[in-house]
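run-v6.cif follows; it contains mmCIF, C-alpha atoms.
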data_my_file
#
loop_
_atom_site.label_atom_id
_atom_site.label_comp_id
_atom_site.auth_asym_id
_atom_site.auth_seq_id
_atom_site.Cartn_x
_atom_site.Cartn_y
_atom_site.Cartn_z
CA ASP A 134 -95.70 -114.07 -70.73
CA SER A 135 -92.50 -114.30 -72.77
CA GLY A 136 -92.75 -118.05 -73.27
CA VAL A 137 -89.44 -118.63 -71.46
CA THR A 138 -89.80 -120.66 -68.29
CA GLN A 139 -87.31 -120.59 -65.46
CA THR A 140 -87.26 -122.71 -62.32
CA PRO A 141 -87.02 -122.29 -59.46
CA LYS A 142 -88.25 -118.72 -59.01
CA HIS A 143 -86.61 -118.40 -55.63
CA LEU A 144 -83.77 -120.32 -54.05
CA ILE A 145 -82.10 -119.88 -50.68
CA THR A 146 -78.98 -121.82 -49.91
CA ALA A 147 -75.78 -121.67 -47.91
CA THR A 148 -72.23 -120.79 -48.86
CA GLY A 149 -70.29 -123.68 -50.35
CA GLN A 150 -73.37 -125.34 -51.76
CA ARG A 151 -74.24 -126.13 -55.37
CA VAL A 152 -77.47 -125.27 -57.20
CA THR A 153 -78.92 -125.86 -60.62
CA LEU A 154 -81.14 -123.37 -62.41
CA ARG A 155 -83.27 -124.55 -65.26
CA CYS A 156 -84.57 -122.79 -68.35
CA SER A 157 -87.01 -123.85 -71.04
CA PRO A 158 -86.80 -121.55 -74.06
CA ARG A 159 -89.69 -120.43 -76.23
CA SER A 160 -90.92 -123.06 -78.61
CA GLY A 161 -88.74 -122.98 -81.73
CA ASP A 162 -85.95 -120.87 -80.25
CA LEU A 163 -82.54 -122.45 -80.68
CA SER A 164 -80.47 -119.97 -78.70
CA VAL A 165 -80.38 -119.74 -74.94
CA TYR A 166 -78.55 -117.05 -72.99
CA TRP A 167 -77.84 -116.70 -69.30
CA TYR A 168 -77.53 -113.34 -67.57
CA GLN A 169 -76.82 -112.37 -63.98
CA GLN A 170 -78.42 -109.25 -62.54
CA SER A 171 -77.20 -107.79 -59.28
CA LEU A 172 -77.66 -104.35 -57.75
CA ASP A 173 -74.03 -103.34 -58.11
CA GLN A 174 -73.23 -104.96 -61.48
CA GLY A 175 -76.45 -104.65 -63.44
CA LEU A 176 -77.21 -107.24 -66.11
CA GLN A 177 -74.09 -109.23 -67.00
CA PHE A 178 -73.92 -111.71 -69.86
CA LEU A 179 -72.72 -115.12 -68.72
CA ILE A 180 -72.97 -117.57 -71.59
CA GLN A 181 -74.86 -118.43 -74.76
CA TYR A 182 -75.77 -121.76 -76.31
CA TYR A 183 -77.07 -122.37 -79.80
CA ASN A 184 -78.64 -125.69 -80.68
CA GLY A 185 -76.68 -127.48 -78.00
CA GLU A 186 -73.31 -125.87 -78.56
CA GLU A 187 -71.63 -123.11 -76.62
CA ARG A 188 -71.58 -120.02 -78.83
CA ALA A 189 -70.31 -117.15 -76.69
CA LYS A 190 -68.93 -116.67 -73.23
CA GLY A 191 -69.04 -113.64 -71.03
CA ASN A 192 -68.02 -112.98 -67.47
CA ILE A 193 -68.82 -116.44 -66.23
CA LEU A 194 -66.89 -117.71 -63.23
CA GLU A 195 -65.11 -121.06 -63.37
CA ARG A 196 -67.39 -122.21 -60.54
CA PHE A 197 -70.32 -121.80 -62.91
CA SER A 198 -71.12 -124.04 -65.84
CA ALA A 199 -73.99 -124.46 -68.23
CA GLN A 200 -75.26 -126.79 -70.88
CA GLN A 201 -78.04 -127.02 -73.41
CA PHE A 202 -79.71 -130.36 -73.88
CA PRO A 203 -81.06 -131.97 -77.09
CA ASP A 204 -84.57 -130.80 -76.23
CA LEU A 205 -83.05 -127.27 -76.08
CA HIS A 206 -83.68 -126.66 -72.41
CA SER A 207 -80.68 -125.36 -70.52
CA GLU A 208 -79.26 -125.61 -67.04
CA LEU A 209 -76.92 -123.27 -65.22
CA ASN A 210 -74.91 -124.92 -62.47
CA LEU A 211 -73.47 -122.77 -59.71
CA SER A 212 -71.05 -124.43 -57.30
CA SER A 213 -69.02 -123.49 -54.24
CA LEU A 214 -71.46 -120.67 -53.75
CA GLU A 215 -70.34 -117.42 -52.17
CA LEU A 216 -72.35 -114.58 -50.67
CA GLY A 217 -71.57 -112.48 -53.72
CA ASP A 218 -73.33 -114.95 -55.99
CA SER A 219 -76.67 -113.78 -54.63
CA ALA A 220 -78.43 -112.28 -57.61
CA LEU A 221 -81.20 -112.66 -60.14
CA TYR A 222 -80.31 -115.11 -62.89
CA PHE A 223 -82.14 -114.63 -66.15
CA CYS A 224 -82.44 -116.93 -69.06
CA ALA A 225 -83.33 -115.55 -72.47
CA SER A 226 -83.97 -117.21 -75.79
CA SER A 227 -84.05 -116.21 -79.42
CA VAL A 228 -84.66 -117.87 -82.75
CA SER A 229 -81.10 -117.53 -83.97
CA SER A 230 -77.73 -116.48 -82.65
CA SER A 231 -76.83 -113.73 -85.06
CA SER A 232 -79.57 -111.43 -86.24
CA THR A 233 -81.35 -108.29 -85.22
CA GLY A 234 -83.93 -110.44 -83.54
CA GLU A 235 -85.40 -110.15 -80.10
CA LEU A 236 -84.28 -111.72 -76.87
CA PHE A 237 -87.13 -113.07 -74.80
CA PHE A 238 -86.35 -113.12 -71.11
CA GLY A 239 -87.80 -115.38 -68.47
CA GLU A 240 -88.92 -114.06 -65.10
CA GLY A 241 -85.62 -115.01 -63.50
CA SER A 242 -84.45 -117.16 -60.62
CA ARG A 243 -83.62 -115.24 -57.48
CA LEU A 244 -80.72 -116.86 -55.66
CA THR A 245 -79.94 -115.93 -52.09
CA VAL A 246 -76.75 -117.30 -50.57
CA LEU A 247 -76.60 -117.08 -46.77
CA THR B 922 -67.00 -100.44 -65.39
CA GLN B 923 -70.07 -100.34 -67.62
CA LEU B 924 -69.43 -100.27 -71.35
CA LEU B 925 -72.71 -98.44 -71.72
CA GLU B 926 -73.32 -95.50 -69.42
CA GLN B 927 -76.92 -94.56 -68.81
CA SER B 928 -78.11 -91.28 -67.42
CA PRO B 929 -79.81 -90.32 -65.30
CA GLN B 930 -79.82 -93.26 -62.91
CA PHE B 931 -83.19 -92.26 -61.51
CA LEU B 932 -85.97 -90.06 -62.82
CA SER B 933 -89.19 -89.14 -61.06
CA ILE B 934 -91.74 -87.09 -62.96
CA GLN B 935 -95.42 -86.20 -62.94
CA GLU B 936 -97.88 -87.68 -65.38
CA GLY B 937 -97.97 -85.65 -68.57
CA GLU B 938 -94.36 -84.51 -68.44
CA ASN B 939 -91.71 -85.46 -70.97
CA LEU B 940 -88.47 -87.27 -70.22
CA THR B 941 -85.30 -88.32 -71.96
CA VAL B 942 -82.94 -91.13 -71.03
CA TYR B 943 -79.44 -91.30 -72.46
CA CYS B 944 -77.16 -94.19 -73.26
CA ASN B 945 -73.54 -93.41 -74.10
CA SER B 946 -70.40 -95.36 -74.89
CA SER B 947 -66.95 -94.89 -76.35
CA SER B 948 -67.46 -98.07 -78.34
CA VAL B 949 -69.21 -98.47 -81.65
CA PHE B 950 -72.18 -100.81 -81.67
CA SER B 951 -73.56 -102.70 -84.62
CA SER B 952 -76.98 -102.41 -83.05
CA LEU B 953 -78.57 -101.14 -79.91
CA GLN B 954 -81.69 -102.19 -78.09
CA TRP B 955 -83.88 -100.64 -75.43
CA TYR B 956 -85.66 -102.80 -72.88
CA ARG B 957 -88.06 -102.07 -70.05
CA GLN B 958 -88.04 -104.16 -66.92
CA GLU B 959 -90.73 -104.18 -64.27
CA PRO B 960 -90.34 -105.60 -60.75
CA GLY B 961 -90.36 -109.39 -60.66
CA GLU B 962 -90.11 -109.69 -64.41
CA GLY B 963 -87.46 -110.02 -67.06
CA PRO B 964 -86.59 -107.21 -69.48
CA VAL B 965 -88.94 -106.77 -72.42
CA LEU B 966 -87.66 -105.46 -75.73
CA LEU B 967 -89.00 -102.08 -76.83
CA VAL B 968 -86.96 -101.39 -79.95
CA THR B 969 -83.83 -102.27 -81.92
CA VAL B 970 -81.89 -99.65 -83.87
CA VAL B 971 -79.15 -100.60 -86.29
CA THR B 972 -78.40 -97.61 -88.53
CA GLY B 973 -76.48 -94.54 -87.40
CA GLY B 974 -78.85 -91.60 -87.16
CA GLU B 975 -81.90 -93.86 -87.12
CA VAL B 976 -85.01 -92.62 -85.36
CA LYS B 977 -87.82 -94.98 -84.40
CA LYS B 978 -91.14 -94.11 -82.85
CA LEU B 979 -93.31 -96.40 -80.77
CA LYS B 980 -96.45 -94.48 -79.81
CA ARG B 981 -95.21 -91.90 -77.26
CA LEU B 982 -91.65 -93.27 -77.23
CA THR B 983 -88.99 -91.98 -79.61
CA PHE B 984 -85.66 -93.75 -79.93
CA GLN B 985 -82.60 -92.33 -81.62
CA PHE B 986 -79.30 -93.99 -82.52
CA GLY B 987 -76.34 -91.62 -82.78
CA ASP B 988 -74.71 -91.00 -86.14
CA ALA B 989 -71.51 -92.66 -84.94
CA ARG B 990 -73.45 -95.56 -83.38
CA LYS B 991 -71.92 -94.88 -79.97
CA ASP B 992 -74.93 -93.42 -78.23
CA SER B 993 -78.69 -93.53 -78.10
CA SER B 994 -81.57 -91.77 -76.46
CA LEU B 995 -85.09 -92.61 -75.44
CA HIS B 996 -87.64 -89.81 -75.24
CA ILE B 997 -91.08 -90.29 -73.73
CA THR B 998 -93.75 -87.71 -74.46
CA ALA B 999 -96.57 -87.09 -72.01
CA ALA B 1000 -95.47 -89.85 -69.64
CA GLN B 1001 -98.08 -92.03 -67.99
CA PRO B 1002 -97.90 -94.12 -64.79
CA GLY B 1003 -97.74 -97.21 -66.98
CA ASP B 1004 -94.35 -96.01 -68.26
CA THR B 1005 -92.87 -96.62 -64.83
CA GLY B 1006 -90.04 -99.14 -64.95
CA LEU B 1007 -86.33 -99.75 -65.34
CA TYR B 1008 -85.17 -98.77 -68.81
CA LEU B 1009 -82.11 -100.59 -70.05
CA CYS B 1010 -80.07 -99.99 -73.13
CA ALA B 1011 -78.07 -102.88 -74.56
CA GLY B 1012 -75.58 -102.96 -77.37
CA ALA B 1013 -74.07 -105.64 -79.55
CA THR B 1014 -70.48 -104.90 -80.51
CA THR B 1015 -70.39 -107.54 -83.24
CA THR B 1016 -73.18 -108.96 -85.31
CA ASP B 1017 -71.81 -112.44 -84.77
CA SER B 1018 -72.50 -112.53 -81.06
CA TRP B 1019 -75.96 -111.10 -80.98
CA GLY B 1020 -76.88 -112.44 -77.59
CA LYS B 1021 -73.67 -111.20 -75.98
CA LEU B 1022 -75.35 -107.93 -75.28
CA GLN B 1023 -73.67 -105.35 -73.09
CA PHE B 1024 -76.28 -103.79 -70.85
CA GLY B 1025 -76.24 -100.39 -69.25
CA ALA B 1026 -76.97 -100.13 -65.53
CA GLY B 1027 -80.44 -98.82 -66.28
CA THR B 1028 -82.53 -95.76 -65.58
CA GLN B 1029 -85.32 -96.15 -63.05
CA VAL B 1030 -88.28 -94.08 -64.18
CA VAL B 1031 -91.17 -93.34 -61.85
CA VAL B 1032 -94.22 -91.55 -63.21
CA THR B 1033 -96.67 -90.40 -60.56
CA PRO B 1034 -100.31 -89.55 -61.26
#
Show me this structure written as structure tokens.
Amino acid sequence: DSGVTQTPKHLITATGQRVTLRCSPRSGDLSVYWYQQSLDQGLQFLIQYYNGEERAKGNILERFSAQQFPDLHSELNLSSLELGDSALYFCASSVSSSSTGELFFGEGSRLTVL
Amino acid sequence: TQLLEQSPQFLSIQEGENLTVYCNSSSVFSSLQWYRQEPGEGPVLLVTVVTGGEVKKLKRLTFQFGDARKDSSLHITAAQPGDTGLYLCAGATTTDSWGKLQFGAGTQVVVTP
């Protein structure tokens, strides 16, 4: 158990819909990261938040957005869903945003878009 | 296109055999990590290497960071079924964006009894 909690574990929805994925980081971790893992693309960095502020952005689509709340939990919002958005979405947390520390990953949210 | 190229993509060996997984790039990384991911779970960190030429050992696993910090290898001695999993290398190109790790596509290792 990494201490990172992601909900829901599985989600099936239709094209055009909007979903929200939630992540609770490990206690004390200020940084939250979102990654997308698909069979053809591997693990792709989406976005990072540190103590409520966006710190780094990766290959995140404009249809996707995220935020980190004062209690440090984070949400990833995916809208106008397409078939290609089907993937595993991982949240990870760490103590800081710039160190040789460890990223702790949650178990992921598996999104299926039909 | 993956910034980090891992090879081989798939490796199936018998228990007791040795194996090596490679992670190569044309970019220089300030640090490189190896993770193992099992089905239904997130990646779990095995090791972080930061110095060119660094060698780290974790029981039967030996990790090496290339002198030029562009490549790394993971060697497993006397593999066991419990070593089965997806091995991922991940590099940070700047120390300022630690979490913006670039991941390789992974090497699926299967160790059969």
When you draw a straight line from atom CA of A:Ser219 to atom CA of A:Leu247, how long is it in Å? 8.5 Å
Sphere at (-89.8, -102.1, -73.4), radius 7 Å, counting all atoms listed in the file: residues as a count of residues only: 6
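Atom to atom, atom CA of B:Leu932 and atom CA of B:Arg981 stand 17.2 Å apart.
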Would you please work out which residue, of B:Ile997, B:Leu979, B:Val971, B:Val942, is nearest to B:Glu926 when using only C-alpha atoms?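 Closest to B:Glu926 of all the choices is B:Val942.
Distances from A:Phe237, A:Trp167, A:Phe202, A:Phe197 to B:Lys1021 were compared using only C-alpha atoms, and the smallest one belongs to A:Trp167.
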With a cut-off of 8 Å and counting all atoms listed in the file, select all residues of chain A in contact with chain B and give the selection as a PyMOL selection string. chain A and resi 166+174-178+180-181+188-191+223+230-233+235-241
Residue nearest B:Leu925 among B:Ser993, B:Ser946, B:Thr941, B:Gln1001 (counting only C-alpha atoms):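 Looking at the shortest contact to B:Leu925, the residue is B:Ser946.
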Tell me which residues the PyMOL selection byres ((chain A and resi 184) around 7) grabs here, as a list in words. Leu163, Ser164, Tyr182, Tyr183, Gly185, Glu186 and Leu205 of chain A
Which residues match the PyMOL selection byres ((chain A and resi 214-216) around 9) in the file above, as a PyMOL selection string? chain A and resi 146-152+196+211-213+217-219+245-247
Could you check how far atom CA of B:Leu1007 sits from atom CA of B:Val1030, in Å to one decimal?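 Computing the Euclidean distance for atom CA of B:Leu1007 and atom CA of B:Val1030 yields 6.1 Å.
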Exercise: A:Ala199 partners within 6 Å, only C-alpha atoms, chain neighbours under 3 positions left out, as a ChimeraX atom specification: /A:208-210
Any chance you could work out the residue set of the PyMOL selection byres ((chain A and resi 207) around 6) here, as a compact mmCIF listing (two decimals) with C-alpha atoms, in the frame of the given file?
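Everything below was put into expr.txt:
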# COMPACT_ATOMS: atom_id res chain seq x y z
CA ARG A 155 -83.27 -124.55 -65.26
CA CYS A 156 -84.57 -122.79 -68.35
CA GLN A 200 -75.26 -126.79 -70.88
CA GLN A 201 -78.04 -127.02 -73.41
CA HIS A 206 -83.68 -126.66 -72.41
CA GLU A 208 -79.26 -125.61 -67.04
Long-range neighbours of B:Glu959 as JSON, numbers by chain, 10 Å cut-off, only C-alpha atoms, 6 positions minimum in chain: {"B": [965, 1004, 1005, 1006, 1007, 1008, 1029]}
Selected residue, from B:Cys1010, B:Leu982, B:Val1032, B:Leu995, that lies nearest to B:Ser933 when counting all atoms listed in the file: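 The answer is B:Val1032, which sits nearest to B:Ser933.
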